[in-house]
$ cat data13.cif   # mmCIF, N, CA and C atoms
data_start
#
loop_
_atom_site.label_atom_id
_atom_site.label_comp_id
_atom_site.auth_asym_id
_atom_site.auth_seq_id
_atom_site.Cartn_x
_atom_site.Cartn_y
_atom_site.Cartn_z
N MET Q 1 -19.90 12.06 4.96
CA MET Q 1 -19.40 12.13 3.60
C MET Q 1 -17.89 11.91 3.60
N THR Q 2 -17.40 11.08 2.71
CA THR Q 2 -15.97 10.84 2.59
C THR Q 2 -15.39 11.89 1.66
N GLN Q 3 -14.37 12.59 2.14
CA GLN Q 3 -13.72 13.60 1.33
C GLN Q 3 -12.28 13.18 1.11
N VAL Q 4 -11.83 13.18 -0.15
CA VAL Q 4 -10.46 12.81 -0.46
C VAL Q 4 -9.56 13.99 -0.14
N LEU Q 5 -8.54 13.73 0.65
CA LEU Q 5 -7.57 14.76 1.02
C LEU Q 5 -6.33 14.63 0.16
N SER Q 6 -5.42 15.55 0.32
CA SER Q 6 -4.19 15.50 -0.47
C SER Q 6 -3.17 14.55 0.12
N GLY Q 7 -3.44 13.98 1.27
CA GLY Q 7 -2.47 13.07 1.89
C GLY Q 7 -1.54 13.84 2.82
N PRO Q 8 -0.69 13.13 3.51
CA PRO Q 8 0.19 13.78 4.45
C PRO Q 8 1.17 14.72 3.73
N PRO Q 9 1.42 15.91 4.28
CA PRO Q 9 2.34 16.82 3.61
C PRO Q 9 3.77 16.29 3.66
N HIS Q 10 4.50 16.52 2.60
CA HIS Q 10 5.92 16.17 2.52
C HIS Q 10 6.18 14.70 2.84
N GLN Q 11 5.31 13.85 2.32
CA GLN Q 11 5.46 12.41 2.53
C GLN Q 11 6.73 11.92 1.84
N LYS Q 12 7.53 11.18 2.56
CA LYS Q 12 8.74 10.63 1.95
C LYS Q 12 8.36 9.51 1.01
N ARG Q 13 9.12 9.39 -0.05
CA ARG Q 13 8.82 8.41 -1.09
C ARG Q 13 8.80 7.00 -0.53
N GLY Q 14 9.85 6.56 0.07
CA GLY Q 14 9.87 5.24 0.69
C GLY Q 14 9.49 4.13 -0.27
N LYS Q 15 9.18 2.98 0.30
CA LYS Q 15 8.81 1.80 -0.49
C LYS Q 15 7.39 1.96 -1.01
N MET Q 16 7.20 1.61 -2.26
CA MET Q 16 5.88 1.70 -2.87
C MET Q 16 4.97 0.61 -2.31
N LEU Q 17 3.69 0.94 -2.14
CA LEU Q 17 2.73 -0.03 -1.63
C LEU Q 17 2.37 -1.00 -2.76
N ARG Q 18 2.64 -2.26 -2.54
CA ARG Q 18 2.30 -3.32 -3.49
C ARG Q 18 1.44 -4.35 -2.78
N SER Q 19 0.36 -4.76 -3.43
CA SER Q 19 -0.51 -5.77 -2.84
C SER Q 19 -1.18 -6.57 -3.96
N LYS Q 20 -0.68 -7.77 -4.16
CA LYS Q 20 -1.27 -8.65 -5.17
C LYS Q 20 -2.73 -8.95 -4.81
N LYS Q 21 -2.98 -9.14 -3.53
CA LYS Q 21 -4.34 -9.43 -3.06
C LYS Q 21 -5.29 -8.30 -3.45
N HIS Q 22 -4.86 -7.04 -3.26
CA HIS Q 22 -5.70 -5.89 -3.61
C HIS Q 22 -5.89 -5.80 -5.12
N ARG Q 23 -4.83 -5.97 -5.90
CA ARG Q 23 -4.94 -5.89 -7.36
C ARG Q 23 -5.90 -6.94 -7.91
N TYR Q 24 -5.81 -8.16 -7.39
CA TYR Q 24 -6.73 -9.21 -7.84
C TYR Q 24 -8.17 -8.87 -7.45
N TRP Q 25 -8.34 -8.29 -6.27
CA TRP Q 25 -9.68 -7.91 -5.83
C TRP Q 25 -10.23 -6.78 -6.71
N VAL Q 26 -9.40 -5.79 -7.03
CA VAL Q 26 -9.83 -4.67 -7.88
C VAL Q 26 -10.30 -5.19 -9.22
N LYS Q 27 -9.54 -6.09 -9.82
CA LYS Q 27 -9.92 -6.56 -11.16
C LYS Q 27 -11.09 -7.54 -11.14
N SER Q 28 -11.64 -7.82 -9.99
CA SER Q 28 -12.85 -8.64 -9.92
C SER Q 28 -14.11 -7.80 -10.08
N HIS Q 29 -13.94 -6.49 -10.30
CA HIS Q 29 -15.07 -5.57 -10.48
C HIS Q 29 -15.23 -5.21 -11.96
N LEU Q 30 -16.34 -4.58 -12.27
CA LEU Q 30 -16.60 -4.15 -13.64
C LEU Q 30 -15.70 -3.01 -14.06
N CYS Q 31 -15.45 -2.90 -15.33
CA CYS Q 31 -14.64 -1.82 -15.90
C CYS Q 31 -15.27 -0.47 -15.56
N VAL Q 32 -14.48 0.46 -15.05
CA VAL Q 32 -15.00 1.78 -14.69
C VAL Q 32 -15.28 2.65 -15.92
N ALA Q 33 -14.72 2.29 -17.06
CA ALA Q 33 -14.92 3.09 -18.26
C ALA Q 33 -16.20 2.69 -19.01
N CYS Q 34 -16.55 1.41 -18.98
CA CYS Q 34 -17.72 0.97 -19.75
C CYS Q 34 -18.75 0.20 -18.94
N GLU Q 35 -18.36 -0.35 -17.81
CA GLU Q 35 -19.25 -1.14 -16.95
C GLU Q 35 -19.92 -2.29 -17.68
N ARG Q 36 -19.28 -2.79 -18.74
CA ARG Q 36 -19.85 -3.91 -19.49
C ARG Q 36 -19.46 -5.23 -18.85
N GLY Q 37 -20.23 -6.22 -19.16
CA GLY Q 37 -19.90 -7.58 -18.75
C GLY Q 37 -20.45 -7.93 -17.38
N GLU Q 38 -20.31 -9.17 -17.06
CA GLU Q 38 -20.74 -9.68 -15.76
C GLU Q 38 -19.60 -9.51 -14.77
N ILE Q 39 -19.91 -9.65 -13.50
CA ILE Q 39 -18.84 -9.72 -12.51
C ILE Q 39 -18.04 -10.96 -12.88
N HIS Q 40 -16.78 -10.77 -13.09
CA HIS Q 40 -15.96 -11.85 -13.64
C HIS Q 40 -15.08 -12.49 -12.58
N ARG Q 41 -14.57 -13.63 -12.92
CA ARG Q 41 -13.69 -14.35 -12.01
C ARG Q 41 -12.35 -13.64 -11.89
N ILE Q 42 -11.66 -13.85 -10.79
CA ILE Q 42 -10.36 -13.24 -10.56
C ILE Q 42 -9.35 -13.69 -11.62
N ASP Q 43 -9.48 -14.91 -12.12
CA ASP Q 43 -8.51 -15.40 -13.10
C ASP Q 43 -8.87 -15.02 -14.53
N GLU Q 44 -9.91 -14.21 -14.71
CA GLU Q 44 -10.31 -13.76 -16.05
C GLU Q 44 -9.22 -12.87 -16.64
N PRO Q 45 -8.64 -13.27 -17.77
CA PRO Q 45 -7.51 -12.53 -18.33
C PRO Q 45 -7.88 -11.24 -19.04
N ASN Q 46 -9.17 -10.96 -19.25
CA ASN Q 46 -9.56 -9.78 -20.00
C ASN Q 46 -9.86 -8.56 -19.13
N TYR Q 47 -9.59 -8.63 -17.85
CA TYR Q 47 -9.79 -7.50 -16.95
C TYR Q 47 -8.50 -7.23 -16.20
N ASP Q 48 -8.23 -5.95 -15.97
CA ASP Q 48 -6.97 -5.54 -15.35
C ASP Q 48 -7.21 -4.59 -14.18
N ALA Q 49 -6.21 -4.49 -13.32
CA ALA Q 49 -6.16 -3.44 -12.32
C ALA Q 49 -5.27 -2.35 -12.92
N CYS Q 50 -5.87 -1.28 -13.34
CA CYS Q 50 -5.16 -0.22 -14.06
C CYS Q 50 -4.63 0.82 -13.08
N HIS Q 51 -3.31 1.08 -13.12
CA HIS Q 51 -2.70 2.09 -12.26
C HIS Q 51 -2.92 3.49 -12.84
N ILE Q 52 -3.33 4.42 -12.01
CA ILE Q 52 -3.59 5.79 -12.44
C ILE Q 52 -2.40 6.65 -12.01
N ASN Q 53 -1.50 6.87 -12.93
CA ASN Q 53 -0.22 7.51 -12.62
C ASN Q 53 -0.33 8.95 -12.12
N TYR Q 54 -1.23 9.73 -12.70
CA TYR Q 54 -1.30 11.13 -12.28
C TYR Q 54 -1.78 11.28 -10.83
N LEU Q 55 -2.50 10.30 -10.32
CA LEU Q 55 -2.94 10.38 -8.92
C LEU Q 55 -1.78 10.19 -7.96
N GLY Q 56 -0.83 9.34 -8.31
CA GLY Q 56 0.36 9.18 -7.48
C GLY Q 56 1.13 10.47 -7.38
N ALA Q 57 1.29 11.15 -8.51
CA ALA Q 57 2.01 12.42 -8.52
C ALA Q 57 1.22 13.49 -7.76
N LYS Q 58 -0.09 13.48 -7.90
CA LYS Q 58 -0.95 14.46 -7.21
C LYS Q 58 -0.82 14.32 -5.69
N HIS Q 59 -0.66 13.09 -5.23
CA HIS Q 59 -0.58 12.83 -3.80
C HIS Q 59 0.85 12.67 -3.31
N ASP Q 60 1.76 13.37 -3.96
CA ASP Q 60 3.15 13.47 -3.51
C ASP Q 60 3.87 12.13 -3.52
N ARG Q 61 3.48 11.25 -4.43
CA ARG Q 61 4.16 9.97 -4.60
C ARG Q 61 4.42 9.75 -6.09
N PRO Q 62 5.15 10.65 -6.74
CA PRO Q 62 5.37 10.47 -8.17
C PRO Q 62 6.18 9.22 -8.44
N ARG Q 63 5.94 8.64 -9.59
CA ARG Q 63 6.66 7.43 -9.95
C ARG Q 63 7.97 7.79 -10.63
N GLY Q 64 8.92 6.89 -10.52
CA GLY Q 64 10.17 7.05 -11.23
C GLY Q 64 10.05 6.42 -12.61
N LYS Q 65 11.06 6.56 -13.39
CA LYS Q 65 11.03 6.00 -14.73
C LYS Q 65 10.88 4.47 -14.65
N GLY Q 66 9.92 3.93 -15.38
CA GLY Q 66 9.69 2.49 -15.40
C GLY Q 66 9.04 1.96 -14.13
N GLU Q 67 8.44 2.83 -13.34
CA GLU Q 67 7.86 2.45 -12.05
C GLU Q 67 6.37 2.74 -12.06
N ARG Q 68 5.60 1.91 -11.40
CA ARG Q 68 4.17 2.16 -11.24
C ARG Q 68 3.95 2.92 -9.94
N VAL Q 69 2.79 3.55 -9.85
CA VAL Q 69 2.41 4.22 -8.61
C VAL Q 69 1.96 3.16 -7.61
N ASP Q 70 1.70 3.57 -6.37
CA ASP Q 70 1.21 2.65 -5.35
C ASP Q 70 -0.04 1.92 -5.84
N ASP Q 71 -0.23 0.70 -5.38
CA ASP Q 71 -1.38 -0.10 -5.80
C ASP Q 71 -2.71 0.47 -5.32
N ILE Q 72 -2.69 1.41 -4.40
CA ILE Q 72 -3.93 2.05 -3.97
C ILE Q 72 -4.57 2.80 -5.15
N TRP Q 73 -3.75 3.28 -6.07
CA TRP Q 73 -4.26 4.08 -7.20
C TRP Q 73 -4.55 3.18 -8.40
N THR Q 74 -5.41 2.18 -8.20
CA THR Q 74 -5.81 1.28 -9.28
C THR Q 74 -7.33 1.22 -9.38
N VAL Q 75 -7.80 1.04 -10.60
CA VAL Q 75 -9.23 0.86 -10.86
C VAL Q 75 -9.40 -0.34 -11.78
N PRO Q 76 -10.57 -0.98 -11.75
CA PRO Q 76 -10.80 -2.11 -12.65
C PRO Q 76 -11.10 -1.62 -14.06
N MET Q 77 -10.45 -2.24 -15.04
CA MET Q 77 -10.70 -1.87 -16.44
C MET Q 77 -10.68 -3.12 -17.31
N CYS Q 78 -11.56 -3.12 -18.32
CA CYS Q 78 -11.51 -4.18 -19.30
C CYS Q 78 -10.23 -3.99 -20.13
N ARG Q 79 -9.81 -5.03 -20.78
CA ARG Q 79 -8.56 -4.97 -21.55
C ARG Q 79 -8.61 -3.90 -22.64
N ILE Q 80 -9.76 -3.74 -23.28
CA ILE Q 80 -9.90 -2.76 -24.36
C ILE Q 80 -9.64 -1.35 -23.85
N HIS Q 81 -10.30 -0.97 -22.75
CA HIS Q 81 -10.11 0.38 -22.22
C HIS Q 81 -8.75 0.57 -21.56
N HIS Q 82 -8.22 -0.47 -20.95
CA HIS Q 82 -6.90 -0.35 -20.34
C HIS Q 82 -5.85 -0.08 -21.42
N GLU Q 83 -5.93 -0.80 -22.52
CA GLU Q 83 -4.98 -0.56 -23.60
C GLU Q 83 -5.15 0.83 -24.19
N ALA Q 84 -6.40 1.28 -24.37
CA ALA Q 84 -6.64 2.62 -24.90
C ALA Q 84 -6.11 3.68 -23.94
N GLN Q 85 -6.31 3.47 -22.66
CA GLN Q 85 -5.83 4.43 -21.66
C GLN Q 85 -4.31 4.44 -21.62
N THR Q 86 -3.70 3.29 -21.77
CA THR Q 86 -2.24 3.21 -21.77
C THR Q 86 -1.65 3.91 -22.99
N ILE Q 87 -2.21 3.66 -24.15
CA ILE Q 87 -1.71 4.26 -25.39
C ILE Q 87 -1.95 5.77 -25.41
N ASN Q 88 -3.15 6.19 -25.05
CA ASN Q 88 -3.55 7.59 -25.18
C ASN Q 88 -3.39 8.41 -23.91
N GLY Q 89 -3.26 7.75 -22.79
CA GLY Q 89 -3.31 8.50 -21.55
C GLY Q 89 -2.04 8.56 -20.74
N HIS Q 90 -1.08 7.71 -21.01
CA HIS Q 90 0.11 7.67 -20.16
C HIS Q 90 1.20 8.66 -20.55
N SER Q 91 0.92 9.52 -21.50
CA SER Q 91 1.95 10.47 -21.91
C SER Q 91 1.76 11.79 -21.16
N GLY Q 92 2.13 11.79 -19.89
CA GLY Q 92 2.11 13.02 -19.09
C GLY Q 92 0.71 13.54 -18.80
N ALA Q 93 0.44 14.77 -19.19
CA ALA Q 93 -0.82 15.44 -18.86
C ALA Q 93 -2.02 14.81 -19.56
N ASN Q 94 -1.80 14.01 -20.59
CA ASN Q 94 -2.91 13.42 -21.32
C ASN Q 94 -3.69 12.40 -20.50
N GLU Q 95 -3.08 11.81 -19.49
CA GLU Q 95 -3.77 10.78 -18.72
C GLU Q 95 -5.01 11.33 -18.04
N GLU Q 96 -4.89 12.46 -17.37
CA GLU Q 96 -6.04 13.05 -16.69
C GLU Q 96 -7.11 13.44 -17.70
N GLY Q 97 -6.69 13.94 -18.85
CA GLY Q 97 -7.63 14.30 -19.91
C GLY Q 97 -8.38 13.11 -20.46
N TRP Q 98 -7.71 11.94 -20.51
CA TRP Q 98 -8.37 10.72 -20.99
C TRP Q 98 -9.56 10.41 -20.09
N TRP Q 99 -9.36 10.51 -18.79
CA TRP Q 99 -10.45 10.25 -17.85
C TRP Q 99 -11.53 11.32 -17.93
N TRP Q 100 -11.11 12.57 -18.04
CA TRP Q 100 -12.05 13.68 -18.12
C TRP Q 100 -12.96 13.52 -19.33
N ALA Q 101 -12.39 13.10 -20.47
CA ALA Q 101 -13.17 12.93 -21.70
C ALA Q 101 -14.25 11.85 -21.53
N ARG Q 102 -14.07 10.95 -20.60
CA ARG Q 102 -15.05 9.89 -20.35
C ARG Q 102 -15.95 10.20 -19.16
N ASN Q 103 -15.79 11.40 -18.61
CA ASN Q 103 -16.59 11.84 -17.47
C ASN Q 103 -16.48 10.89 -16.28
N VAL Q 104 -15.24 10.42 -16.04
CA VAL Q 104 -14.96 9.52 -14.93
C VAL Q 104 -13.86 10.13 -14.07
N ASP Q 105 -14.10 10.23 -12.78
CA ASP Q 105 -13.07 10.67 -11.84
C ASP Q 105 -12.57 9.42 -11.11
N PRO Q 106 -11.37 8.92 -11.44
CA PRO Q 106 -10.91 7.67 -10.85
C PRO Q 106 -10.47 7.80 -9.39
N GLU Q 107 -10.21 9.01 -8.92
CA GLU Q 107 -9.69 9.17 -7.57
C GLU Q 107 -10.63 8.64 -6.48
N PRO Q 108 -11.90 9.07 -6.42
CA PRO Q 108 -12.77 8.51 -5.38
C PRO Q 108 -13.02 7.02 -5.55
N ILE Q 109 -12.97 6.54 -6.79
CA ILE Q 109 -13.14 5.10 -7.03
C ILE Q 109 -11.97 4.34 -6.41
N CYS Q 110 -10.75 4.83 -6.65
CA CYS Q 110 -9.56 4.20 -6.06
C CYS Q 110 -9.65 4.16 -4.54
N ILE Q 111 -10.04 5.29 -3.95
CA ILE Q 111 -10.11 5.38 -2.49
C ILE Q 111 -11.17 4.44 -1.93
N GLN Q 112 -12.36 4.41 -2.55
CA GLN Q 112 -13.42 3.54 -2.05
C GLN Q 112 -13.02 2.07 -2.17
N LEU Q 113 -12.38 1.70 -3.28
CA LEU Q 113 -11.91 0.32 -3.44
C LEU Q 113 -10.86 -0.01 -2.39
N ALA Q 114 -9.95 0.93 -2.15
CA ALA Q 114 -8.88 0.70 -1.18
C ALA Q 114 -9.44 0.57 0.24
N LEU Q 115 -10.43 1.38 0.59
CA LEU Q 115 -11.02 1.30 1.92
C LEU Q 115 -11.78 -0.01 2.15
N ALA Q 116 -12.23 -0.63 1.06
CA ALA Q 116 -12.95 -1.90 1.16
C ALA Q 116 -12.06 -3.09 0.79
N SER Q 117 -10.79 -2.86 0.61
CA SER Q 117 -9.85 -3.90 0.19
C SER Q 117 -9.77 -5.06 1.18
N PRO Q 118 -9.54 -6.27 0.68
CA PRO Q 118 -9.35 -7.41 1.58
C PRO Q 118 -7.96 -7.38 2.23
N ASP Q 119 -7.09 -6.49 1.80
CA ASP Q 119 -5.74 -6.38 2.37
C ASP Q 119 -5.70 -5.25 3.40
N PRO Q 120 -5.52 -5.56 4.68
CA PRO Q 120 -5.53 -4.53 5.73
C PRO Q 120 -4.47 -3.44 5.54
N LYS Q 121 -3.33 -3.76 4.94
CA LYS Q 121 -2.30 -2.73 4.77
C LYS Q 121 -2.75 -1.69 3.74
N VAL Q 122 -3.55 -2.10 2.76
CA VAL Q 122 -4.09 -1.16 1.78
C VAL Q 122 -5.13 -0.26 2.45
N VAL Q 123 -5.98 -0.85 3.28
CA VAL Q 123 -7.00 -0.08 4.00
C VAL Q 123 -6.33 0.99 4.87
N GLU Q 124 -5.32 0.60 5.62
CA GLU Q 124 -4.61 1.56 6.47
C GLU Q 124 -3.95 2.66 5.66
N PHE Q 125 -3.35 2.30 4.55
CA PHE Q 125 -2.70 3.28 3.68
C PHE Q 125 -3.73 4.26 3.13
N ALA Q 126 -4.92 3.76 2.76
CA ALA Q 126 -5.97 4.60 2.18
C ALA Q 126 -6.54 5.59 3.19
N LYS Q 127 -6.56 5.23 4.45
CA LYS Q 127 -7.16 6.09 5.48
C LYS Q 127 -6.47 7.44 5.59
N GLN Q 128 -5.22 7.54 5.21
CA GLN Q 128 -4.52 8.82 5.29
C GLN Q 128 -5.01 9.81 4.24
N TYR Q 129 -5.77 9.33 3.27
CA TYR Q 129 -6.25 10.18 2.18
C TYR Q 129 -7.71 10.58 2.31
N VAL Q 130 -8.37 10.20 3.38
CA VAL Q 130 -9.80 10.52 3.50
C VAL Q 130 -10.11 11.17 4.83
N GLU Q 131 -11.20 11.90 4.79
CA GLU Q 131 -11.75 12.48 6.01
C GLU Q 131 -13.18 11.94 6.09
N VAL Q 132 -13.50 11.27 7.17
CA VAL Q 132 -14.81 10.64 7.31
C VAL Q 132 -15.57 11.33 8.42
N SER Q 133 -16.82 11.70 8.12
CA SER Q 133 -17.64 12.34 9.15
C SER Q 133 -18.05 11.29 10.18
N ASP Q 134 -18.47 11.77 11.35
CA ASP Q 134 -18.82 10.88 12.47
C ASP Q 134 -19.99 9.94 12.13
N ASP Q 135 -20.91 10.39 11.30
CA ASP Q 135 -22.07 9.56 11.01
C ASP Q 135 -21.87 8.57 9.87
N GLU Q 136 -20.70 8.56 9.28
CA GLU Q 136 -20.43 7.64 8.16
C GLU Q 136 -19.70 6.41 8.64
N VAL Q 137 -20.15 5.28 8.17
CA VAL Q 137 -19.50 4.02 8.49
C VAL Q 137 -18.93 3.48 7.20
N LEU Q 138 -17.64 3.16 7.21
CA LEU Q 138 -17.02 2.59 6.01
C LEU Q 138 -17.02 1.10 6.07
#
$ encode --input "data13.cif" --output "C-alpha cells"
Amino acid sequence: MTQVLSGPPHQKRGKMLRSKKHRYWVKSHLCVACERGEIHRIDEPNYDACHINYLGAKHDRPRGKGERVDDIWTVPMCRIHHEAQTINGHSGANEEGWWWARNVDPEPICIQLALASPDPKVVEFAKQYVEVSDDEVL
C-alpha cells in the first residue's frame, strides 16, 4: 500500500520543481472533478494541469506571492472546474474546502500521477513523499 508521508522534515525551499513534460502528461487525463469527456489530446486547450496550492504548504513548500507550488502538486481538470476552483478555492483555507465539497482528495492523485510521470526528475521528487510496502510495485 502506498502511504503519503509529510515529506522530509525542514525541507529548504530551494528551486521549485517545474516540468513542462509532466504538466502536459497530467492534462492528458480526465478531469478529477467530473471525469467527463474522452481521453483528450495533449494540445487540447480545454484541459489544464491544476496546481493544488494547499498541498505545497502542507508539505513544507509554501508558495510565495504570485508563485505556483511545485509541479508535482497538479491534477488534470477541465477548464470549467479549473476556473471554478481558481475563483472559489484559491483564497486561503477555501481551497481545501472546495475539494472536500466534491469528495475528492487530490493529494494521492498528485502522488500517483507523479510516480507514473514520463519525467524522471518528477518521479524522484515524488518518492520522498511515499512509503511503499515490499509487495507493491509502482
$ closest_atom_pairs --input "data13.cif" --of "stretch 112-132 of chain Q" --to "stretch 12-30 of chain Q" --cutoff "8 Å" --atoms "all atoms listed in the file" --output "CSV"
residue,atom,partner,partner_atom,distance
Q:Leu113,CA,Q:Val26,CA,7.0
Q:Ala114,CA,Q:His22,CA,7.7
Q:Ser117,CA,Q:His22,CA,6.0
Q:Pro118,N,Q:His22,CA,5.8
Q:Asp119,N,Q:His22,N,5.6
Q:Lys121,C,Q:Leu17,CA,7.9
Q:Val122,CA,Q:His22,CA,7.3
$ write_last_selection --input "data13.cif" --atoms "N, CA and C atoms" --output "short mmCIF file (atom, residue, chain, number, x, y, z; two decimals), in the coordinates of the input"
data_model
loop_
_atom_site.label_atom_id
_atom_site.label_comp_id
_atom_site.auth_asym_id
_atom_site.auth_seq_id
_atom_site.Cartn_x
_atom_site.Cartn_y
_atom_site.Cartn_z
N LEU Q 113 -12.38 1.70 -3.28
CA LEU Q 113 -11.91 0.32 -3.44
C LEU Q 113 -10.86 -0.01 -2.39
N ALA Q 114 -9.95 0.93 -2.15
CA ALA Q 114 -8.88 0.70 -1.18
C ALA Q 114 -9.44 0.57 0.24
N SER Q 117 -10.79 -2.86 0.61
CA SER Q 117 -9.85 -3.90 0.19
C SER Q 117 -9.77 -5.06 1.18
N PRO Q 118 -9.54 -6.27 0.68
CA PRO Q 118 -9.35 -7.41 1.58
C PRO Q 118 -7.96 -7.38 2.23
N ASP Q 119 -7.09 -6.49 1.80
CA ASP Q 119 -5.74 -6.38 2.37
C ASP Q 119 -5.70 -5.25 3.40
N LYS Q 121 -3.33 -3.76 4.94
CA LYS Q 121 -2.30 -2.73 4.77
C LYS Q 121 -2.75 -1.69 3.74
N VAL Q 122 -3.55 -2.10 2.76
CA VAL Q 122 -4.09 -1.16 1.78
C VAL Q 122 -5.13 -0.26 2.45
#
$ select_by_dssp --input "data13.cif" --residues "stretch 73-125 of chain Q" --states "helix (DSSP H, G or I)" --output "ChimeraX atom specification"
/Q:79-89,94-101,106-115,120-125
$ atom_distance --input "data13.cif" --atom1 "atom CA of Q:Phe125" --atom2 "atom C of Q:Cys110"
10.8 Å
$ closest_residue --input "data13.cif" --among "Q:Trp73, Q:Glu35, Q:Tyr129, Q:Val123" --to "Q:Asn53" --atoms "all atoms listed in the file"
Q:Trp73
$ atom_distance --input "data13.cif" --atom1 "atom CA of Q:Thr86" --atom2 "atom CA of Q:His51"
9.6 Å
$ atom_distance --input "data13.cif" --atom1 "atom CA of Q:Glu96" --atom2 "atom CA of Q:Lys58"
10.9 Å
$ resolve_selection --input "data13.cif" --expression "the PyMOL selection byres (((chain Q and resi 98-107 and name CA) around 12) and name CA)" --output "number ranges by chain"
Q: 3-6, 31-35, 50-56, 58-59, 72-77, 81-82, 84-97, 108-114, 126, 129-130
